[in-house]
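To be precise, the following lines are final.pdb, and they hold PDB, C-alpha atoms, pLDDT in the B column.
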ATOM      1  CA  MET A   1     -17.163  -6.158   2.692  1.00 56.00           C
ATOM      2  CA  LEU A   2     -16.757  -9.489   4.460  1.00 63.00           C
ATOM      3  CA  ASP A   3     -19.761 -11.727   4.919  1.00 67.00           C
ATOM      4  CA  PHE A   4     -19.789 -11.924   8.710  1.00 63.00           C
ATOM      5  CA  PRO A   5     -22.610 -12.510  11.180  1.00 61.00           C
ATOM      6  CA  THR A   6     -23.763  -9.622  13.359  1.00 64.00           C
ATOM      7  CA  THR A   7     -20.944  -8.604  15.678  1.00 66.00           C
ATOM      8  CA  ASP A   8     -21.153 -10.091  19.164  1.00 69.00           C
ATOM      9  CA  HIS A   9     -19.954  -7.104  21.208  1.00 72.00           C
ATOM     10  CA  PRO A  10     -19.529  -9.000  24.517  1.00 77.00           C
ATOM     11  CA  LEU A  11     -17.444 -11.593  22.684  1.00 76.00           C
ATOM     12  CA  ILE A  12     -15.232  -8.908  21.168  1.00 76.00           C
ATOM     13  CA  ALA A  13     -14.836  -7.214  24.538  1.00 77.00           C
ATOM     14  CA  ALA A  14     -13.774 -10.525  26.102  1.00 81.00           C
ATOM     15  CA  ALA A  15     -11.248 -11.010  23.279  1.00 78.00           C
ATOM     16  CA  SER A  16      -9.230  -8.052  24.568  1.00 78.00           C
ATOM     17  CA  ASP A  17      -7.561 -10.722  26.704  1.00 79.00           C
ATOM     18  CA  PRO A  18      -5.393 -12.668  24.206  1.00 75.00           C
ATOM     19  CA  GLU A  19      -4.924 -15.422  26.792  1.00 79.00           C
ATOM     20  CA  ASN A  20      -8.643 -16.256  26.790  1.00 83.00           C
ATOM     21  CA  ALA A  21      -8.373 -19.389  24.672  1.00 86.00           C
ATOM     22  CA  ALA A  22     -12.085 -20.206  24.682  1.00 88.00           C
ATOM     23  CA  VAL A  23     -13.043 -16.757  23.354  1.00 85.00           C
ATOM     24  CA  TRP A  24     -10.382 -16.847  20.669  1.00 85.00           C
ATOM     25  CA  LYS A  25     -11.502 -20.278  19.533  1.00 87.00           C
ATOM     26  CA  ARG A  26     -15.017 -18.843  19.061  1.00 86.00           C
ATOM     27  CA  LEU A  27     -13.644 -15.856  17.138  1.00 83.00           C
ATOM     28  CA  HIS A  28     -11.538 -18.136  14.955  1.00 85.00           C
ATOM     29  CA  ASP A  29     -14.536 -20.371  14.248  1.00 86.00           C
ATOM     30  CA  GLU A  30     -16.675 -17.336  13.261  1.00 85.00           C
ATOM     31  CA  TYR A  31     -14.215 -15.383  11.144  1.00 86.00           C
ATOM     32  CA  HIS A  32     -11.754 -17.895   9.696  1.00 91.00           C
ATOM     33  CA  GLY A  33     -14.220 -19.271   7.126  1.00 91.00           C
ATOM     34  CA  PRO A  34     -15.355 -15.881   5.744  1.00 90.00           C
ATOM     35  CA  LEU A  35     -11.731 -14.734   5.529  1.00 92.00           C
ATOM     36  CA  LEU A  36     -10.786 -17.819   3.505  1.00 93.00           C
ATOM     37  CA  LYS A  37     -13.811 -17.303   1.238  1.00 92.00           C
ATOM     38  CA  LEU A  38     -12.821 -13.699   0.485  1.00 91.00           C
ATOM     39  CA  CYS A  39      -9.226 -14.728  -0.220  1.00 92.00           C
ATOM     40  CA  HIS A  40     -10.318 -17.569  -2.504  1.00 91.00           C
ATOM     41  CA  ARG A  41     -12.595 -15.376  -4.590  1.00 89.00           C
ATOM     42  CA  SER A  42      -9.790 -12.805  -4.801  1.00 90.00           C
ATOM     43  CA  GLY A  43      -7.610 -15.278  -6.704  1.00 89.00           C
ATOM     44  CA  LEU A  44      -5.421 -16.575  -3.874  1.00 91.00           C
ATOM     45  CA  SER A  45      -4.295 -20.187  -3.548  1.00 91.00           C
ATOM     46  CA  PRO A  46      -5.361 -22.269  -0.509  1.00 93.00           C
ATOM     47  CA  ASP A  47      -1.948 -21.755   1.128  1.00 94.00           C
ATOM     48  CA  GLU A  48      -2.009 -18.010   0.435  1.00 93.00           C
ATOM     49  CA  SER A  49      -5.559 -17.794   1.775  1.00 94.00           C
ATOM     50  CA  GLU A  50      -4.600 -19.553   4.992  1.00 95.00           C
ATOM     51  CA  GLU A  51      -1.628 -17.229   5.444  1.00 94.00           C
ATOM     52  CA  VAL A  52      -3.728 -14.094   4.920  1.00 94.00           C
ATOM     53  CA  ALA A  53      -6.433 -15.342   7.296  1.00 94.00           C
ATOM     54  CA  HIS A  54      -3.759 -16.057   9.897  1.00 92.00           C
ATOM     55  CA  GLN A  55      -2.212 -12.606   9.463  1.00 93.00           C
ATOM     56  CA  VAL A  56      -5.562 -10.838   9.782  1.00 92.00           C
ATOM     57  CA  LEU A  57      -6.562 -12.747  12.926  1.00 90.00           C
ATOM     58  CA  ILE A  58      -3.183 -11.983  14.490  1.00 88.00           C
ATOM     59  CA  LYS A  59      -3.694  -8.285  13.687  1.00 89.00           C
ATOM     60  CA  LEU A  60      -7.149  -8.499  15.237  1.00 86.00           C
ATOM     61  CA  SER A  61      -5.668  -9.957  18.413  1.00 83.00           C
ATOM     62  CA  GLN A  62      -3.120  -7.159  18.563  1.00 84.00           C
ATOM     63  CA  ARG A  63      -5.762  -4.499  17.854  1.00 82.00           C
ATOM     64  CA  LEU A  64      -8.173  -5.731  20.521  1.00 80.00           C
ATOM     65  CA  ALA A  65      -5.396  -5.953  23.093  1.00 78.00           C
ATOM     66  CA  LYS A  66      -4.617  -2.238  22.624  1.00 77.00           C
ATOM     67  CA  ALA A  67      -8.040  -0.633  23.094  1.00 68.00           C
ATOM     68  CA  ALA A  68     -11.745  -1.172  22.534  1.00 65.00           C
ATOM     69  CA  PHE A  69     -13.147  -0.410  19.088  1.00 64.00           C
ATOM     70  CA  ASN A  70     -14.809   2.943  18.581  1.00 64.00           C
ATOM     71  CA  TRP A  71     -18.028   1.528  17.142  1.00 56.00           C
ATOM     72  CA  GLU A  72     -19.203   4.955  15.999  1.00 55.00           C
ATOM     73  CA  ALA A  73     -16.102   5.464  13.862  1.00 55.00           C
ATOM     74  CA  THR A  74     -15.788   1.968  12.407  1.00 63.00           C
ATOM     75  CA  SER A  75     -17.160  -1.553  12.641  1.00 73.00           C
ATOM     76  CA  LEU A  76     -15.351  -4.802  13.204  1.00 77.00           C
ATOM     77  CA  ARG A  77     -16.603  -5.977   9.835  1.00 79.00           C
ATOM     78  CA  GLY A  78     -15.255  -2.850   8.140  1.00 78.00           C
ATOM     79  CA  TRP A  79     -11.920  -3.102   9.926  1.00 81.00           C
ATOM     80  CA  LEU A  80     -11.491  -6.759   9.017  1.00 84.00           C
ATOM     81  CA  SER A  81     -12.433  -6.016   5.406  1.00 84.00           C
ATOM     82  CA  GLU A  82      -9.805  -3.282   5.238  1.00 84.00           C
ATOM     83  CA  MET A  83      -7.086  -5.486   6.750  1.00 89.00           C
ATOM     84  CA  SER A  84      -8.043  -8.391   4.483  1.00 90.00           C
ATOM     85  CA  ASN A  85      -8.036  -6.254   1.336  1.00 87.00           C
ATOM     86  CA  ARG A  86      -4.606  -4.876   2.211  1.00 87.00           C
ATOM     87  CA  ALA A  87      -3.174  -8.358   2.768  1.00 91.00           C
ATOM     88  CA  ILE A  88      -4.794  -9.735  -0.402  1.00 90.00           C
ATOM     89  CA  PHE A  89      -3.491  -6.779  -2.381  1.00 85.00           C
ATOM     90  CA  GLU A  90       0.014  -7.465  -1.096  1.00 86.00           C
ATOM     91  CA  VAL A  91      -0.155 -11.073  -2.324  1.00 88.00           C
ATOM     92  CA  HIS A  92      -1.208  -9.838  -5.781  1.00 84.00           C
ATOM     93  CA  ARG A  93       1.575  -7.244  -5.739  1.00 80.00           C
ATOM     94  CA  GLN A  94       4.268  -9.767  -4.890  1.00 82.00           C
ATOM     95  CA  CYS A  95       3.055 -12.582  -7.165  1.00 77.00           C
ATOM     96  CA  ARG A  96       3.961 -11.929 -10.780  1.00 64.00           C
ATOM     97  CA  ARG A  97       1.487 -14.480 -12.086  1.00 57.00           C
ATOM     98  CA  ASN A  98      -1.283 -12.031 -11.157  1.00 63.00           C
ATOM     99  CA  GLU A  99       0.188  -9.087 -13.049  1.00 73.00           C
ATOM    100  CA  LEU A 100      -1.977  -7.707 -15.824  1.00 80.00           C
ATOM    101  CA  THR A 101      -0.516  -7.285 -19.270  1.00 82.00           C
ATOM    102  CA  ALA A 102      -0.356  -3.790 -20.735  1.00 82.00           C
ATOM    103  CA  HIS A 103      -3.103  -4.810 -23.147  1.00 82.00           C
ATOM    104  CA  VAL A 104      -5.468  -5.872 -20.356  1.00 87.00           C
ATOM    105  CA  ARG A 105      -4.611  -2.763 -18.322  1.00 85.00           C
ATOM    106  CA  ALA A 106      -5.625  -0.587 -21.251  1.00 85.00           C
ATOM    107  CA  ALA A 107      -8.942  -2.418 -21.612  1.00 86.00           C
ATOM    108  CA  VAL A 108      -9.815  -2.182 -17.912  1.00 87.00           C
ATOM    109  CA  GLN A 109      -8.776   1.465 -17.745  1.00 84.00           C
ATOM    110  CA  GLU A 110     -11.533   2.323 -20.205  1.00 86.00           C
ATOM    111  CA  TRP A 111     -14.203   0.973 -17.832  1.00 88.00           C
ATOM    112  CA  LEU A 112     -13.040   2.165 -14.421  1.00 83.00           C
ATOM    113  CA  PRO A 113     -12.445   5.627 -12.982  1.00 77.00           C
ATOM    114  CA  PRO A 114      -9.115   6.240 -11.251  1.00 69.00           C
ATOM    115  CA  ALA A 115      -9.128   5.459  -7.543  1.00 59.00           C
ATOM    116  CA  LEU A 116      -5.989   7.369  -6.624  1.00 52.00           C
ATOM    117  CA  ALA A 117      -5.036  11.005  -6.390  1.00 48.00           C
ATOM    118  CA  PRO A 118      -3.790  12.353  -9.740  1.00 48.00           C
ATOM    119  CA  GLU A 119      -0.892  14.158  -8.042  1.00 50.00           C
ATOM    120  CA  MET A 120       0.628  10.820  -7.028  1.00 50.00           C
ATOM    121  CA  ASP A 121       3.670   9.813  -9.058  1.00 54.00           C
ATOM    122  CA  GLY A 122       2.348   8.457 -12.352  1.00 54.00           C
ATOM    123  CA  GLY A 123       4.329   5.209 -12.366  1.00 60.00           C
ATOM    124  CA  ASN A 124       3.430   4.324  -8.786  1.00 65.00           C
ATOM    125  CA  ARG A 125      -0.221   5.185  -9.355  1.00 67.00           C
ATOM    126  CA  GLU A 126      -0.479   3.043 -12.483  1.00 73.00           C
ATOM    127  CA  GLN A 127       1.257   0.098 -10.813  1.00 74.00           C
ATOM    128  CA  LEU A 128      -0.925   0.279  -7.710  1.00 75.00           C
ATOM    129  CA  GLU A 129      -4.141   0.555  -9.686  1.00 79.00           C
ATOM    130  CA  ALA A 130      -3.145  -2.386 -11.886  1.00 80.00           C
ATOM    131  CA  HIS A 131      -2.705  -4.597  -8.811  1.00 80.00           C
ATOM    132  CA  LEU A 132      -6.067  -3.441  -7.467  1.00 83.00           C
ATOM    133  CA  TRP A 133      -7.638  -4.236 -10.849  1.00 86.00           C
ATOM    134  CA  SER A 134      -6.119  -7.720 -10.598  1.00 87.00           C
ATOM    135  CA  VAL A 135      -7.942  -8.291  -7.295  1.00 88.00           C
ATOM    136  CA  CYS A 136     -11.140  -6.869  -8.759  1.00 88.00           C
ATOM    137  CA  LEU A 137     -11.039  -9.088 -11.866  1.00 91.00           C
ATOM    138  CA  ALA A 138     -10.317 -12.176  -9.780  1.00 91.00           C
ATOM    139  CA  ARG A 139     -13.367 -11.501  -7.614  1.00 90.00           C
ATOM    140  CA  VAL A 140     -15.656 -11.087 -10.610  1.00 93.00           C
ATOM    141  CA  ARG A 141     -14.224 -14.168 -12.306  1.00 92.00           C
ATOM    142  CA  HIS A 142     -15.083 -16.182  -9.210  1.00 91.00           C
ATOM    143  CA  THR A 143     -18.772 -15.226  -9.504  1.00 90.00           C
ATOM    144  CA  VAL A 144     -19.387 -16.389 -13.079  1.00 93.00           C
ATOM    145  CA  ARG A 145     -19.339 -19.675 -14.958  1.00 94.00           C
ATOM    146  CA  PRO A 146     -15.995 -20.552 -16.621  1.00 94.00           C
ATOM    147  CA  LEU A 147     -17.538 -20.335 -20.103  1.00 96.00           C
ATOM    148  CA  GLN A 148     -18.837 -16.820 -19.466  1.00 96.00           C
ATOM    149  CA  TRP A 149     -15.407 -15.694 -18.322  1.00 96.00           C
ATOM    150  CA  GLN A 150     -13.711 -17.273 -21.335  1.00 96.00           C
ATOM    151  CA  ILE A 151     -16.093 -15.455 -23.681  1.00 97.00           C
ATOM    152  CA  PHE A 152     -15.563 -12.194 -21.822  1.00 96.00           C
ATOM    153  CA  GLU A 153     -11.795 -12.596 -21.770  1.00 93.00           C
ATOM    154  CA  ALA A 154     -11.587 -13.367 -25.482  1.00 95.00           C
ATOM    155  CA  TYR A 155     -13.841 -10.488 -26.502  1.00 95.00           C
ATOM    156  CA  ALA A 156     -13.333  -7.731 -23.943  1.00 93.00           C
ATOM    157  CA  LEU A 157      -9.754  -8.283 -22.814  1.00 90.00           C
ATOM    158  CA  HIS A 158      -8.091  -9.711 -25.924  1.00 89.00           C
ATOM    159  CA  GLU A 159     -10.108  -7.774 -28.519  1.00 85.00           C
ATOM    160  CA  ASN A 160     -11.219 -10.639 -30.711  1.00 93.00           C
ATOM    161  CA  THR A 161     -14.286  -9.725 -32.734  1.00 95.00           C
ATOM    162  CA  ALA A 162     -17.713 -10.814 -31.515  1.00 96.00           C
ATOM    163  CA  ALA A 163     -18.042 -13.034 -34.589  1.00 96.00           C
ATOM    164  CA  GLU A 164     -14.717 -14.771 -33.909  1.00 96.00           C
ATOM    165  CA  VAL A 165     -15.603 -15.374 -30.259  1.00 96.00           C
ATOM    166  CA  ALA A 166     -19.085 -16.604 -31.188  1.00 97.00           C
ATOM    167  CA  ARG A 167     -17.633 -19.185 -33.564  1.00 97.00           C
ATOM    168  CA  ARG A 168     -15.038 -20.324 -31.041  1.00 96.00           C
ATOM    169  CA  PHE A 169     -17.575 -20.872 -28.257  1.00 97.00           C
ATOM    170  CA  ASN A 170     -20.526 -21.958 -30.407  1.00 96.00           C
ATOM    171  CA  THR A 171     -22.750 -19.038 -29.457  1.00 96.00           C
ATOM    172  CA  THR A 172     -24.067 -15.861 -31.075  1.00 96.00           C
ATOM    173  CA  GLY A 173     -22.474 -12.479 -31.470  1.00 96.00           C
ATOM    174  CA  PHE A 174     -25.384 -11.002 -29.534  1.00 96.00           C
ATOM    175  CA  ASN A 175     -24.672 -13.292 -26.566  1.00 96.00           C
ATOM    176  CA  VAL A 176     -21.001 -12.378 -26.666  1.00 96.00           C
ATOM    177  CA  ARG A 177     -21.913  -8.682 -26.356  1.00 96.00           C
ATOM    178  CA  VAL A 178     -24.410  -9.411 -23.565  1.00 97.00           C
ATOM    179  CA  VAL A 179     -21.743 -11.287 -21.588  1.00 96.00           C
ATOM    180  CA  ARG A 180     -19.362  -8.356 -21.980  1.00 96.00           C
ATOM    181  CA  HIS A 181     -21.982  -5.847 -20.856  1.00 96.00           C
ATOM    182  CA  ARG A 182     -22.923  -7.861 -17.756  1.00 96.00           C
ATOM    183  CA  LEU A 183     -19.387  -8.561 -16.660  1.00 96.00           C
ATOM    184  CA  VAL A 184     -18.231  -4.995 -17.149  1.00 94.00           C
ATOM    185  CA  ALA A 185     -21.138  -3.926 -14.908  1.00 94.00           C
ATOM    186  CA  ARG A 186     -20.000  -6.439 -12.272  1.00 94.00           C
ATOM    187  CA  ILE A 187     -16.418  -5.233 -12.540  1.00 93.00           C
ATOM    188  CA  ARG A 188     -17.520  -1.637 -12.030  1.00 91.00           C
ATOM    189  CA  LYS A 189     -19.572  -2.630  -8.972  1.00 90.00           C
ATOM    190  CA  GLU A 190     -16.703  -4.626  -7.469  1.00 88.00           C
ATOM    191  CA  TRP A 191     -14.308  -1.782  -8.175  1.00 88.00           C
ATOM    192  CA  ALA A 192     -16.576   0.714  -6.437  1.00 85.00           C
ATOM    193  CA  GLN A 193     -16.676  -1.499  -3.332  1.00 82.00           C
ATOM    194  CA  LEU A 194     -12.932  -2.074  -3.351  1.00 80.00           C
ATOM    195  CA  ALA A 195     -12.104   1.587  -3.953  1.00 74.00           C
ATOM    196  CA  SER A 196     -14.431   2.674  -1.129  1.00 73.00           C
ATOM    197  CA  CYS A 197     -12.068   1.092   1.401  1.00 68.00           C
ATOM    198  CA  PRO A 198      -8.836   2.828   2.469  1.00 63.00           C
ATOM    199  CA  LEU A 199      -6.247   1.946  -0.148  1.00 57.00           C
ATOM    200  CA  PRO A 200      -2.694   0.732   0.518  1.00 56.00           C
ATOM    201  CA  GLU A 201       0.117   3.205   0.184  1.00 55.00           C
ATOM    202  CA  PRO A 202       2.287   2.777  -2.921  1.00 48.00           C
ATOM    203  CA  GLU A 203       5.878   1.749  -2.475  1.00 49.00           C
ATOM    204  CA  ALA A 204       8.361   4.596  -2.371  1.00 43.00           C
TER     205      ALA A 204
END
Taking this structure as input, can you express it in the form of structure tokens?
Amino acid sequence: MLDFPTTDHPLIAAASDPENAAVWKRLHDEYHGPLLKLCHRSGLSPDESEEVAHQVLIKLSQRLAKAAFNWEATSLRGWLSEMSNRAIFEVHRQCRRNELTAHVRAAVQEWLPPALAPEMDGGNREQLEAHLWSVCLARVRHTVRPLQWQIFEAYALHENTAAEVARRFNTTGFNVRVVRHRLVARIRKEWAQLASCPLPEPEA
């Protein structure tokens, strides 16, 4: 979920007029920063983050121009989170540098429950989940120190032994296992939050 201030309902109501430049400047000032922050911690470059933030704010303008939000059914924060996650996912899907190797997919699959219906075509389901895992891993990586992630990556994702990783990073085997345990817990928590939002449809 995006880290936004409490929704200003009168401001949102006034934003139903896309020509109201003063209102839209206020909305941009409030929501642009949190959108960029979410994109950055999801592994996007500065240019990609700016593009996603722009897309989401344009969608917000279009949505508010159609009809008022049903605040009982959704929240602006929830809607923006859903739109942002979809746009971020699409960047990961299109950018091959974010693709997970088969080896990493197999490791992550052991920790996380499936998020998609089992009756979905197997290839599409696996591809979609792998891109979602890529977003999830990027968000967790952003929250930890580089050394912790390097230890985790070497031990948990590339299956080096704890002793090998400990020697490489001048630590103990016990610490290597602790890092793995903590980061797997964070990955599971991030995955639960990501999977709780409506998921993008797989490509036909």
Separation of CA of Gln148 (chain A) from CA of Val178 (chain A) in Å: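 These two atoms are separated by 10.1 Å.
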Given the file above and the PyMOL selection byres ((chain A and resi 55) around 12), which residues are selected, and can you give them as a list of chain:residue names?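 That expression, the PyMOL selection byres ((chain A and resi 55) around 12), corresponds here to A:His32, A:Leu35, A:Leu36, A:Glu48, A:Ser49, A:Glu50, A:Glu51, A:Val52, A:Ala53, A:His54, A:Val56, A:Leu57, A:Ile58, A:Lys59, A:Leu60, A:Ser61, A:Gln62, A:Leu80, A:Met83, A:Ser84, A:Asn85, A:Arg86, A:Ala87, A:Ile88, A:Glu90.
Minimum atom-to-atom distance to Ser75 (chain A), evaluated using only C-alpha atoms, belongs to A:Ile12 out of A:Leu157, A:Ile12, A:Leu183, A:Ala163.
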Rounded to one decimal place, report the CA of His28 (chain A)-CA of Leu11 (chain A) distance in Å.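 About the pair CA of His28 (chain A) and CA of Leu11 (chain A): they are 11.7 Å apart.
Taking CA of Gly43 (chain A) and CA of Ile187 (chain A) as the two end points, the separation is 14.6 Å.
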Which one is closest to Ala156 (chain A): A:Ala13, A:Val140, A:Ala106, A:Ala195? Count only C-alpha atoms.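 Result for the nearest residue to Ala156 (chain A): A:Ala106.
When only C-alpha atoms are used to compute distances to Val179 (chain A), the closest of the residues A:Glu19, A:Asp47, A:Glu126, A:Glu153 turns out to be A:Glu153.
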Please enclose the listed atoms of region 80-89 of chain A in an axis-aligned box, pad each side by 5 Å, and write out the centre and the three edge lengths in Å, rounded to one decimal, as AutoDock Vina command-line options.
--center_x -7.8 --center_y -6.5 --center_z 3.3 --size_x 19.3 --size_y 16.5 --size_z 21.4
Residues returned when the PyMOL selection byres ((chain A and resi 103) around 12) runs on this file, as a ChimeraX atom specification: /A:99-102,104-110,130,153,156-159
For the structure shown, which residues end up in the PyMOL selection byres ((chain A and resi 173) around 12)? Put them as a ChimeraX atom specification, please? /A:151-152,155,160-172,174-180
